file my_file.txt (compact mmCIF, C-alpha atoms and all ligand atoms)
# COMPACT_ATOMS: atom_id res chain seq x y z
CA MET A 1 -29.75 -19.35 7.23
CA ASN A 2 -29.37 -17.08 10.27
CA GLU A 3 -27.96 -19.93 12.36
CA ARG A 4 -25.31 -20.57 9.74
CA PHE A 5 -24.51 -16.85 9.64
CA ASP A 6 -24.18 -16.77 13.42
CA ALA A 7 -21.95 -19.86 13.56
CA LEU A 8 -19.61 -18.47 10.91
CA ARG A 9 -19.56 -15.05 12.55
CA ALA A 10 -18.56 -16.69 15.84
CA ALA A 11 -15.80 -18.76 14.18
CA LEU A 12 -14.39 -15.63 12.52
CA ALA A 13 -14.60 -13.66 15.77
CA ALA A 14 -12.37 -16.26 17.46
CA ARG A 15 -9.49 -15.45 15.07
CA PRO A 16 -6.98 -12.68 15.80
CA ARG A 17 -8.05 -9.64 13.80
CA ALA A 18 -6.99 -6.02 13.37
CA LYS A 19 -9.75 -3.51 12.68
CA LEU A 20 -8.70 -1.84 9.45
CA GLY A 21 -11.57 -1.57 6.98
CA PHE A 22 -14.97 0.08 6.71
CA PHE A 23 -17.38 -2.83 6.48
CA PRO A 24 -19.87 -3.72 5.13
CA THR A 25 -18.87 -2.28 1.77
CA PRO A 26 -21.77 -1.01 -0.34
CA LEU A 27 -23.75 -3.33 -2.66
CA TYR A 28 -26.06 -1.62 -5.14
CA ARG A 29 -27.59 -1.78 -8.59
CA LEU A 30 -26.08 -0.10 -11.65
CA ASP A 31 -29.34 1.07 -13.24
CA ARG A 32 -28.10 2.64 -16.46
CA LEU A 33 -25.73 -0.16 -17.41
CA SER A 34 -28.34 -2.78 -16.44
CA ARG A 35 -30.73 -1.25 -18.99
CA GLU A 36 -28.01 -1.10 -21.65
CA LEU A 37 -26.92 -4.73 -21.15
CA GLY A 38 -30.30 -6.38 -20.49
CA VAL A 39 -29.17 -7.90 -17.18
CA GLU A 40 -29.61 -6.74 -13.60
CA LEU A 41 -26.13 -5.61 -12.74
CA TYR A 42 -24.99 -4.95 -9.18
CA VAL A 43 -21.63 -3.91 -7.79
CA LYS A 44 -20.00 -4.90 -4.49
CA ARG A 45 -17.70 -2.00 -3.65
CA ASP A 46 -14.67 -3.59 -2.02
CA ASP A 47 -12.69 -0.74 -3.55
CA PHE A 48 -14.35 1.20 -0.70
CA SER A 49 -12.99 -1.11 2.00
CA GLY A 50 -10.72 1.65 3.36
CA MET A 51 -8.59 2.01 5.29
CA SER A 52 -7.17 4.86 3.22
CA LEU A 53 -8.87 6.37 0.18
CA PHE A 54 -7.11 3.67 -1.81
CA GLY A 55 -8.72 0.50 -0.49
CA GLY A 56 -9.34 -2.78 -2.21
CA ASN A 57 -9.64 -6.48 -1.64
CA LYS A 58 -6.45 -6.87 0.38
CA ILE A 59 -7.82 -5.06 3.41
CA ARG A 60 -10.13 -7.99 4.24
CA LYS A 61 -7.11 -10.32 4.16
CA LEU A 62 -4.87 -7.92 6.06
CA GLU A 63 -7.32 -7.65 8.95
CA PHE A 64 -6.59 -11.31 9.70
CA LEU A 65 -2.95 -11.39 8.59
CA LEU A 66 -1.86 -8.37 10.56
CA GLY A 67 -4.14 -9.36 13.43
CA ASP A 68 -2.06 -12.53 13.52
CA ALA A 69 1.18 -10.49 13.32
CA VAL A 70 0.13 -8.32 16.27
CA ALA A 71 -0.99 -11.39 18.27
CA LYS A 72 2.45 -12.90 17.68
CA GLY A 73 4.18 -9.74 18.94
CA CYS A 74 5.73 -8.84 15.57
CA ASP A 75 7.05 -5.34 14.88
CA THR A 76 8.07 -5.69 11.21
CA VAL A 77 6.15 -6.94 8.17
CA PHE A 78 7.63 -8.17 4.90
CA THR A 79 5.62 -8.49 1.74
CA TYR A 80 6.06 -8.93 -1.99
CA GLY A 81 4.52 -8.07 -5.36
CA ALA A 82 5.02 -6.04 -8.52
CA THR A 83 6.35 -2.48 -8.22
CA GLN A 84 2.78 -1.19 -8.65
CA SER A 85 1.30 -3.84 -6.35
CA ASN A 86 -2.02 -2.83 -4.79
CA HIS A 87 -1.46 -5.48 -2.16
CA ALA A 88 1.93 -4.03 -1.15
CA MET A 89 0.51 -0.50 -0.94
CA GLN A 90 -2.47 -1.62 1.18
CA THR A 91 -0.11 -3.57 3.44
CA VAL A 92 1.87 -0.38 4.01
CA THR A 93 -1.27 1.60 4.93
CA ALA A 94 -2.32 -1.15 7.34
CA CYS A 95 1.17 -1.40 8.90
CA ARG A 96 1.27 2.33 9.48
CA ARG A 97 -2.11 2.23 11.19
CA LEU A 98 -0.93 -0.56 13.47
CA GLY A 99 2.54 0.82 14.18
CA LEU A 100 4.34 -1.98 12.33
CA THR A 101 7.33 -1.38 10.04
CA PRO A 102 6.62 -2.31 6.38
CA ILE A 103 9.40 -3.73 4.19
CA LEU A 104 8.62 -4.43 0.53
CA TYR A 105 10.49 -6.56 -2.00
CA LEU A 106 8.98 -5.59 -5.35
CA ASN A 107 9.75 -7.16 -8.70
CA ALA A 108 9.94 -4.76 -11.62
CA TYR A 109 7.57 -6.10 -14.30
CA VAL A 110 7.40 -2.47 -15.36
CA GLN A 111 10.58 -0.58 -14.55
CA PRO A 112 9.79 2.47 -12.39
CA ASP A 113 11.08 5.83 -13.61
CA GLU A 114 12.97 7.19 -10.59
CA GLN A 115 12.40 10.78 -11.81
CA ASP A 116 8.66 10.27 -12.07
CA ILE A 117 7.48 7.77 -9.45
CA ARG A 118 3.74 7.14 -9.78
CA SER A 119 0.68 5.46 -8.38
CA ASN A 120 1.19 2.83 -5.67
CA MET A 121 4.96 3.21 -5.58
CA LEU A 122 4.46 6.89 -4.93
CA LEU A 123 2.08 6.09 -2.07
CA ASP A 124 4.55 3.51 -0.69
CA ARG A 125 7.22 6.22 -0.70
CA ILE A 126 4.98 8.86 0.89
CA MET A 127 4.21 6.39 3.68
CA GLY A 128 7.93 5.79 4.09
CA ALA A 129 7.96 2.04 3.43
CA GLU A 130 11.37 0.41 3.05
CA LEU A 131 11.40 -0.44 -0.65
CA HIS A 132 13.60 -2.91 -2.47
CA VAL A 133 13.06 -3.05 -6.23
CA VAL A 134 14.30 -6.34 -7.66
CA GLU A 135 15.01 -6.43 -11.37
CA SER A 136 14.77 -9.65 -13.36
CA LEU A 137 18.11 -11.17 -14.27
CA PRO A 138 18.70 -12.06 -17.92
CA GLY A 139 16.90 -15.33 -18.74
CA GLU A 140 15.00 -15.38 -15.43
CA THR A 141 11.25 -16.14 -15.51
CA GLU A 142 8.74 -14.05 -13.54
CA ALA A 143 8.29 -16.94 -11.10
CA GLN A 144 12.05 -17.11 -10.56
CA THR A 145 12.25 -13.36 -9.87
CA GLU A 146 9.38 -13.68 -7.39
CA ALA A 147 11.15 -16.58 -5.68
CA ARG A 148 14.32 -14.48 -5.47
CA CYS A 149 12.31 -11.63 -3.86
CA ARG A 150 11.00 -14.05 -1.22
CA GLU A 151 14.50 -15.35 -0.55
CA LEU A 152 15.91 -11.81 -0.23
CA GLY A 153 13.10 -11.04 2.20
CA ARG A 154 13.77 -14.19 4.20
CA VAL A 155 17.49 -13.41 4.55
CA HIS A 156 16.68 -9.82 5.52
CA ALA A 157 14.19 -11.02 8.16
CA VAL A 158 16.77 -13.40 9.65
CA ALA A 159 19.20 -10.49 9.97
CA LEU A 160 16.57 -8.30 11.68
CA GLN A 161 15.58 -11.12 14.00
CA GLY A 162 19.25 -11.33 15.00
CA GLN A 163 18.90 -7.70 16.13
CA GLY A 164 15.88 -8.52 18.28
CA HIS A 165 13.03 -7.73 15.85
CA ARG A 166 10.06 -9.97 15.29
CA CYS A 167 9.19 -10.27 11.62
CA TYR A 168 5.96 -11.39 9.96
CA ASP A 169 5.91 -12.62 6.38
CA VAL A 170 2.85 -11.83 4.26
CA PRO A 171 2.97 -13.74 0.97
CA MET A 172 2.34 -12.02 -2.36
CA GLY A 173 -1.31 -10.93 -2.57
CA GLY A 174 -1.86 -11.97 1.05
CA ALA A 175 -2.66 -15.39 -0.42
CA SER A 176 -2.52 -17.65 2.61
CA PRO A 177 -5.14 -19.58 4.59
CA VAL A 178 -5.19 -16.80 7.21
CA GLY A 179 -5.65 -14.17 4.50
CA SER A 180 -8.43 -16.09 2.78
CA THR A 181 -10.46 -16.25 5.98
CA GLY A 182 -10.99 -12.54 5.32
CA PHE A 183 -12.90 -13.42 2.18
CA ILE A 184 -14.90 -16.12 3.88
CA GLY A 185 -15.99 -13.19 6.05
CA GLY A 186 -16.48 -11.15 2.88
CA TYR A 187 -18.85 -13.74 1.49
CA LEU A 188 -20.76 -13.82 4.79
CA GLU A 189 -21.15 -10.04 4.62
CA PHE A 190 -22.39 -10.32 1.03
CA ALA A 191 -24.87 -13.11 1.80
CA GLN A 192 -26.33 -11.04 4.63
CA GLN A 193 -26.65 -8.00 2.36
CA CYS A 194 -28.37 -10.09 -0.32
CA GLU A 195 -30.82 -11.36 2.26
CA GLU A 196 -31.57 -7.84 3.47
CA LEU A 197 -32.06 -6.61 -0.11
CA GLY A 198 -34.10 -9.66 -1.13
CA LEU A 199 -31.52 -10.21 -3.85
CA LYS A 200 -30.89 -13.70 -5.23
CA PRO A 201 -27.97 -13.31 -7.62
CA ASP A 202 -27.36 -15.75 -10.47
CA TYR A 203 -23.69 -14.84 -10.84
CA VAL A 204 -20.82 -13.18 -9.00
CA TYR A 205 -17.88 -12.05 -11.15
CA THR A 206 -14.47 -11.12 -9.83
CA ALA A 207 -10.82 -10.79 -10.89
CA THR A 208 -8.36 -13.45 -9.78
CA GLY A 209 -4.60 -13.12 -9.39
CA THR A 210 -2.97 -15.05 -6.57
CA GLY A 211 -6.34 -16.73 -5.89
CA GLY A 212 -6.65 -15.79 -2.22
CA THR A 213 -9.80 -13.73 -2.75
CA LEU A 214 -11.46 -16.37 -4.89
CA ALA A 215 -10.54 -19.19 -2.51
CA GLY A 216 -12.19 -17.36 0.39
CA LEU A 217 -15.30 -16.41 -1.58
CA VAL A 218 -15.85 -19.96 -2.85
CA ALA A 219 -15.21 -21.39 0.63
CA GLY A 220 -17.75 -18.98 2.14
CA HIS A 221 -20.23 -19.76 -0.63
CA ARG A 222 -19.90 -23.49 0.08
CA LEU A 223 -20.19 -23.05 3.82
CA LEU A 224 -23.33 -20.94 3.57
CA GLY A 225 -24.89 -22.87 0.69
CA GLY A 226 -24.79 -19.99 -1.83
CA GLN A 227 -26.76 -20.69 -5.01
CA GLU A 228 -25.14 -18.31 -7.51
CA ASP A 229 -22.21 -19.19 -9.78
CA ILE A 230 -18.93 -17.52 -8.85
CA VAL A 231 -16.94 -16.78 -12.01
CA ALA A 232 -13.35 -15.55 -11.83
CA ILE A 233 -11.53 -13.81 -14.64
CA ALA A 234 -7.77 -14.45 -14.58
CA VAL A 235 -5.54 -11.36 -14.81
CA SER A 236 -2.38 -13.31 -15.61
CA PRO A 237 -1.51 -16.74 -17.06
CA LYS A 238 -2.60 -19.67 -14.88
CA ASP A 239 -1.42 -23.24 -15.27
CA THR A 240 -3.81 -26.20 -15.09
CA GLY A 241 -3.10 -26.71 -11.39
CA TYR A 242 -4.44 -23.26 -10.44
CA GLU A 243 -7.98 -24.36 -9.50
CA ALA A 244 -6.63 -27.20 -7.34
CA ARG A 245 -4.34 -24.77 -5.50
CA CYS A 246 -7.29 -22.40 -4.93
CA ALA A 247 -9.28 -25.34 -3.54
CA GLU A 248 -6.43 -26.26 -1.20
CA LEU A 249 -6.17 -22.66 -0.01
CA GLY A 250 -9.93 -22.54 0.56
CA ASN A 251 -9.85 -25.83 2.48
CA GLN A 252 -7.00 -24.64 4.70
CA ALA A 253 -8.88 -21.41 5.41
CA LEU A 254 -11.99 -23.43 6.29
CA ALA A 255 -9.88 -25.61 8.59
CA LEU A 256 -8.80 -22.50 10.53
CA LEU A 257 -12.49 -21.91 11.21
CA GLY A 258 -13.01 -25.49 12.36
CA GLU A 259 -14.61 -26.66 9.11
CA GLY A 260 -13.61 -29.77 7.18
CA GLY A 261 -12.11 -29.75 3.67
CA ARG A 262 -15.00 -29.35 1.26
CA LEU A 263 -13.59 -27.90 -1.94
CA SER A 264 -12.03 -29.43 -5.03
CA ALA A 265 -10.75 -27.94 -8.28
CA ALA A 266 -14.19 -28.55 -9.86
CA ASP A 267 -15.70 -25.91 -7.55
CA PHE A 268 -13.70 -23.16 -9.26
CA THR A 269 -14.61 -21.46 -12.54
CA VAL A 270 -11.65 -19.50 -13.86
CA ASP A 271 -11.81 -17.94 -17.33
CA ARG A 272 -8.35 -17.37 -18.78
CA ASP A 273 -9.48 -15.55 -21.96
CA TYR A 274 -9.22 -11.90 -20.93
CA TYR A 275 -5.75 -11.08 -19.56
CA ALA A 276 -3.78 -11.04 -22.84
CA PRO A 277 -1.15 -9.95 -23.69
CA GLY A 278 -0.11 -10.30 -20.03
CA TYR A 279 -0.16 -9.04 -16.46
CA GLU A 280 0.06 -5.22 -16.24
CA GLN A 281 -0.31 -5.00 -20.03
CA PRO A 282 -3.45 -3.28 -21.30
CA ASN A 283 -5.81 -4.78 -23.88
CA GLU A 284 -8.51 -3.17 -25.97
CA ALA A 285 -11.46 -4.99 -24.40
CA ALA A 286 -10.42 -3.90 -20.89
CA THR A 287 -9.79 -0.36 -22.09
CA LYS A 288 -13.30 -0.24 -23.58
CA ALA A 289 -14.80 -1.78 -20.46
CA ILE A 290 -13.16 0.88 -18.28
CA ARG A 291 -14.50 3.65 -20.52
CA LEU A 292 -17.99 2.12 -20.61
CA LEU A 293 -18.29 1.86 -16.82
CA ALA A 294 -16.82 5.33 -16.34
CA ARG A 295 -19.08 6.92 -18.96
CA THR A 296 -22.37 5.23 -18.05
CA GLU A 297 -22.04 4.93 -14.28
CA GLY A 298 -19.14 7.18 -13.19
CA LEU A 299 -17.56 4.05 -11.75
CA LEU A 300 -13.81 3.61 -12.10
CA VAL A 301 -12.06 0.29 -12.59
CA ASP A 302 -8.42 -0.33 -13.45
CA PRO A 303 -6.48 -1.68 -16.43
CA VAL A 304 -4.66 -4.49 -14.56
CA TYR A 305 -7.43 -6.30 -12.62
CA THR A 306 -10.97 -5.00 -12.52
CA GLY A 307 -11.03 -3.65 -16.09
CA LYS A 308 -10.09 -7.08 -17.43
CA ALA A 309 -12.58 -8.81 -15.13
CA PHE A 310 -15.34 -6.46 -16.22
CA ALA A 311 -14.40 -6.99 -19.88
CA GLY A 312 -14.92 -10.73 -19.26
CA LEU A 313 -18.31 -10.10 -17.68
CA LEU A 314 -19.37 -7.91 -20.64
CA ASP A 315 -18.25 -10.53 -23.13
CA HIS A 316 -20.16 -13.22 -21.26
CA VAL A 317 -23.29 -11.05 -21.51
CA ARG A 318 -22.75 -10.43 -25.22
CA THR A 319 -22.14 -14.09 -26.01
CA GLY A 320 -25.10 -15.29 -23.91
CA LYS A 321 -23.01 -17.17 -21.32
CA ILE A 322 -24.84 -14.85 -18.95
CA PRO A 323 -28.46 -15.07 -20.17
CA GLN A 324 -30.50 -11.88 -20.55
CA GLY A 325 -32.40 -10.95 -17.40
CA SER A 326 -29.82 -12.57 -15.08
CA LYS A 327 -28.87 -10.95 -11.80
CA VAL A 328 -25.12 -10.38 -11.88
CA VAL A 329 -22.88 -8.98 -9.16
CA PHE A 330 -19.52 -7.52 -10.09
CA TRP A 331 -17.22 -7.76 -7.06
CA HIS A 332 -15.09 -4.61 -7.39
CA THR A 333 -11.73 -5.49 -5.85
CA GLY A 334 -10.19 -2.01 -6.16
CA GLY A 335 -6.98 -1.05 -7.96
CA ALA A 336 -8.01 2.31 -9.41
CA THR A 337 -4.66 3.82 -8.39
CA ALA A 338 -3.36 2.12 -11.56
CA LEU A 339 -5.22 4.86 -13.46
CA PHE A 340 -2.34 7.08 -12.31
CA ALA A 341 0.41 4.62 -13.24
CA GLU A 342 2.86 4.55 -16.12
CA LYS A 343 1.43 4.93 -19.65
CA GLU A 344 2.47 1.40 -20.59
CA ILE A 345 0.14 0.05 -17.87
CA LEU A 346 -2.69 2.46 -18.66
CA GLY A 347 -3.84 1.93 -22.27
CA GLU A 348 -5.92 4.35 -24.37
CA LEU A 349 -8.45 5.43 -21.80
CA THR A 350 -9.14 8.99 -22.84
CA GLN A 351 -10.25 8.33 -26.44
CA ALA A 352 -13.73 9.19 -27.64
CA ASP A 353 -16.05 6.17 -28.02
C1 LIG A 401 -7.45 -4.68 -7.66
C2 LIG A 401 -7.21 -6.13 -7.50
N1 LIG A 401 -8.16 -7.00 -7.87
C3 LIG A 401 -7.99 -8.32 -7.77
C4 LIG A 401 -6.82 -8.85 -7.27
C5 LIG A 401 -6.69 -10.33 -7.21
O1 LIG A 401 -6.80 -10.80 -5.93
P1 LIG A 401 -6.12 -12.18 -5.51
O2 LIG A 401 -4.63 -11.95 -5.57
O3 LIG A 401 -6.61 -12.41 -4.15
O4 LIG A 401 -6.52 -13.20 -6.50
C6 LIG A 401 -5.80 -8.00 -6.84
C7 LIG A 401 -4.53 -8.55 -6.32
O5 LIG A 401 -3.54 -7.91 -6.21
C8 LIG A 401 -6.00 -6.61 -6.95
O6 LIG A 401 -5.04 -5.74 -6.58

call {"tool": "encode", "arguments": {"input": "my_file.txt", "output": "structure tokens", "more": "lines below"}}
Ligand SMILES: Cc1ncc(COP(=O)(O)O)c(C=O)c1O
result
Amino acid sequence: MNERFDALRAALAARPRAKLGFFPTPLYRLDRLSRELGVELYVKRDDFSGMSLFGGNKIRKLEFLLGDAVAKGCDTVFTYGATQSNHAMQTVTACRRLGLTPILYLNAYVQPDEQDIRSNMLLDRIMGAELHVVESLPGETEAQTEARCRELGRVHAVALQGQGHRCYDVPMGGASPVGSTGFIGGYLEFAQQCEELGLKPDYVYTATGTGGTLAGLVAGHRLLGGQEDIVAIAVSPKDTGYEARCAELGNQALALLGEGGRLSAADFTVDRDYYAPGYEQPNEAATKAIRLLARTEGLLVDPVYTGKAFAGLLDHVRTGKIPQGSKVVFWHTGGATALFAEKEILGELTQAD
């Protein structure tokens, strides 16, 4: 195994990279909840990735994306997401650290209250990012609004380039082959930690949105011959082509590291049963999952991503999809700033059990 670790480490080291995060992130056992659930539950704390207090999964991607931007001599970075996007906020922190100018085109799934700006949008503002909030037009789908954001960003970048700037485009969620190499590295880090701890997990659970995290994890798992099942819980509706697109992303990330295409849609397990009623809309199972983790372990997850993913994990334990006694790792991808977001995102978190 060590030879494979070394080869992958060398391939990753050959890529442009900005040092942003605090790695390795902790991996440890949740003793009290393990006893309560009858499984051995571990958590991988990518919410502690840095580089500010408000880290999360995007930092691993941004190390490679913004490393690429710096290598290309760019001075300005465009990115996209919802108004409360964790990805956009982490991109701003990373840009500030590297002296790049962040410009955000954010689509308003939840309309921000200008008199009471909260959570990630507040952090974006404090860090002085250039913010463009794009409202949906009547009859427009979410995908169409997102496409319009990208087009507005593209036109803006062309104008800035005309003034002598060099612009770098980071897609929504940092979901690109370059970004996903960060999670191939994340899986390498995890496999090394498991070896050091003598831990042989049966399952890894994580949230999936754009798919960039999952694509990298599954690619790393394949490359290093991981034995556990990686199970992703969708946080928004996914069409039937989603797994194939994740596989393509993973293969392109592998190609950047000199590895052949190895993944197909069948390598991806994506459970679509836990995001309802929709993205950034709370549900009771996630609300209960957040309270359970907070009240048994003092561990905070969020209503948009990790709360829904953890609700899926809990349901899989209760229904026996995860057999009793299994070793399960919950990959905490961050997002707890949403606990300070608008009430309509939050749900009923303060109730008694
Ligand atoms: C907290 C959190 N978890 C999970 C995800 C999903 O990651 P990905 O978009 O790489 O699928 C995101 C994406 O924004 C996130 O912010």

call {"tool": "closest_atom_pairs", "arguments": {"input": "my_file.txt", "of": "chain A", "to": "ligand LIG 401 (chain A)", "cutoff": "10 Å", "atoms": "all atoms listed in the file", "output": "tab-separated table"}}
result
residue	atom	partner	partner_atom	distance
A:Asp46	CA	A:LIG401	C1	9.2
A:Asp47	CA	A:LIG401	C1	7.7
A:Gly55	CA	A:LIG401	C1	8.9
A:Gly56	CA	A:LIG401	C1	6.1
A:Asn57	CA	A:LIG401	C2	6.4
A:Lys58	CA	A:LIG401	O3	7.2
A:Lys61	CA	A:LIG401	O3	8.6
A:Gly81	CA	A:LIG401	O5	8.1
A:Ala82	CA	A:LIG401	O5	9.1
A:Gln84	CA	A:LIG401	O6	9.3
A:Ser85	CA	A:LIG401	O5	6.3
A:Asn86	CA	A:LIG401	O6	4.6
A:His87	CA	A:LIG401	O5	5.2
A:Ala88	CA	A:LIG401	O5	8.4
A:Met89	CA	A:LIG401	O6	9.5
A:Gln90	CA	A:LIG401	O6	9.2
A:Met172	CA	A:LIG401	O2	7.7
A:Gly173	CA	A:LIG401	O2	4.6
A:Gly174	CA	A:LIG401	O3	7.1
A:Ala175	CA	A:LIG401	O3	6.2
A:Ser176	CA	A:LIG401	O3	9.5
A:Gly179	CA	A:LIG401	O3	8.9
A:Ser180	CA	A:LIG401	O3	8.1
A:Phe183	CA	A:LIG401	O3	9.0
A:Thr206	CA	A:LIG401	C3	7.4
A:Ala207	CA	A:LIG401	C3	4.9
A:Thr208	CA	A:LIG401	O4	3.8
A:Gly209	CA	A:LIG401	O4	3.5
A:Thr210	CA	A:LIG401	O2	3.7
A:Gly211	CA	A:LIG401	O4	3.6
A:Gly212	CA	A:LIG401	O3	3.9
A:Thr213	CA	A:LIG401	O3	3.7
A:Leu214	CA	A:LIG401	O4	6.1
A:Ala215	CA	A:LIG401	O3	8.0
A:Gly216	CA	A:LIG401	O3	8.7
A:Leu217	CA	A:LIG401	O3	9.9
A:Ala232	CA	A:LIG401	O4	9.0
A:Ile233	CA	A:LIG401	C3	9.5
A:Ala234	CA	A:LIG401	O4	8.3
A:Val235	CA	A:LIG401	C5	7.8
A:Ser236	CA	A:LIG401	C5	9.9
A:Cys246	CA	A:LIG401	O4	9.4
A:Val301	CA	A:LIG401	C1	8.4
A:Asp302	CA	A:LIG401	C1	7.3
A:Pro303	CA	A:LIG401	C1	9.3
A:Val304	CA	A:LIG401	C1	7.4
A:Tyr305	CA	A:LIG401	N1	4.9
A:Thr306	CA	A:LIG401	N1	5.8
A:Gly307	CA	A:LIG401	C1	9.2
A:Lys308	CA	A:LIG401	N1	9.8
A:Ala309	CA	A:LIG401	C3	8.7
A:Trp331	CA	A:LIG401	N1	9.1
A:His332	CA	A:LIG401	N1	7.3
A:Thr333	CA	A:LIG401	N1	4.4
A:Gly334	CA	A:LIG401	C1	4.1
A:Gly335	CA	A:LIG401	C1	3.7
A:Ala336	CA	A:LIG401	C1	7.2
A:Thr337	CA	A:LIG401	C1	9.0
A:Ala338	CA	A:LIG401	C1	8.8

call {"tool": "closest_residue", "arguments": {"input": "my_file.txt", "among": "A:Tyr168, A:Ser264, A:Pro237, A:Ala255", "to": "Ala276 in chain A", "atoms": "all atoms listed in the file"}}
result
A:Pro237

call {"tool": "closest_residue", "arguments": {"input": "my_file.txt", "among": "A:Ala244, A:Leu65, A:Gln227, A:Pro323", "to": "Lys200 in chain A", "atoms": "all atoms listed in the file"}}
result
A:Gln227

call {"tool": "residues_around", "arguments": {"input": "my_file.txt", "residues": "Gly325 in chain A", "least_positions_apart": "4", "cutoff": "12 Å", "atoms": "all atoms listed in the file", "output": "short mmCIF file (atom, residue, chain, number, x, y, z; two decimals) with C-alpha atoms, in the coordinates of the input"}}
result
data_model
loop_
_atom_site.label_atom_id
_atom_site.label_comp_id
_atom_site.auth_asym_id
_atom_site.auth_seq_id
_atom_site.Cartn_x
_atom_site.Cartn_y
_atom_site.Cartn_z
CA SER A 34 -28.34 -2.78 -16.44
CA ARG A 35 -30.73 -1.25 -18.99
CA GLU A 36 -28.01 -1.10 -21.65
CA LEU A 37 -26.92 -4.73 -21.15
CA GLY A 38 -30.30 -6.38 -20.49
CA VAL A 39 -29.17 -7.90 -17.18
CA GLU A 40 -29.61 -6.74 -13.60
CA LEU A 41 -26.13 -5.61 -12.74
CA PRO A 201 -27.97 -13.31 -7.62
CA ASP A 202 -27.36 -15.75 -10.47
CA TYR A 203 -23.69 -14.84 -10.84
CA VAL A 317 -23.29 -11.05 -21.51
CA GLY A 320 -25.10 -15.29 -23.91
CA LYS A 321 -23.01 -17.17 -21.32
#

call {"tool": "closest_residue", "arguments": {"input": "my_file.txt", "among": "A:Ala143, A:Asp267, A:Ala13, A:Thr76", "to": "Gln161 in chain A", "atoms": "only C-alpha atoms"}}
result
A:Thr76
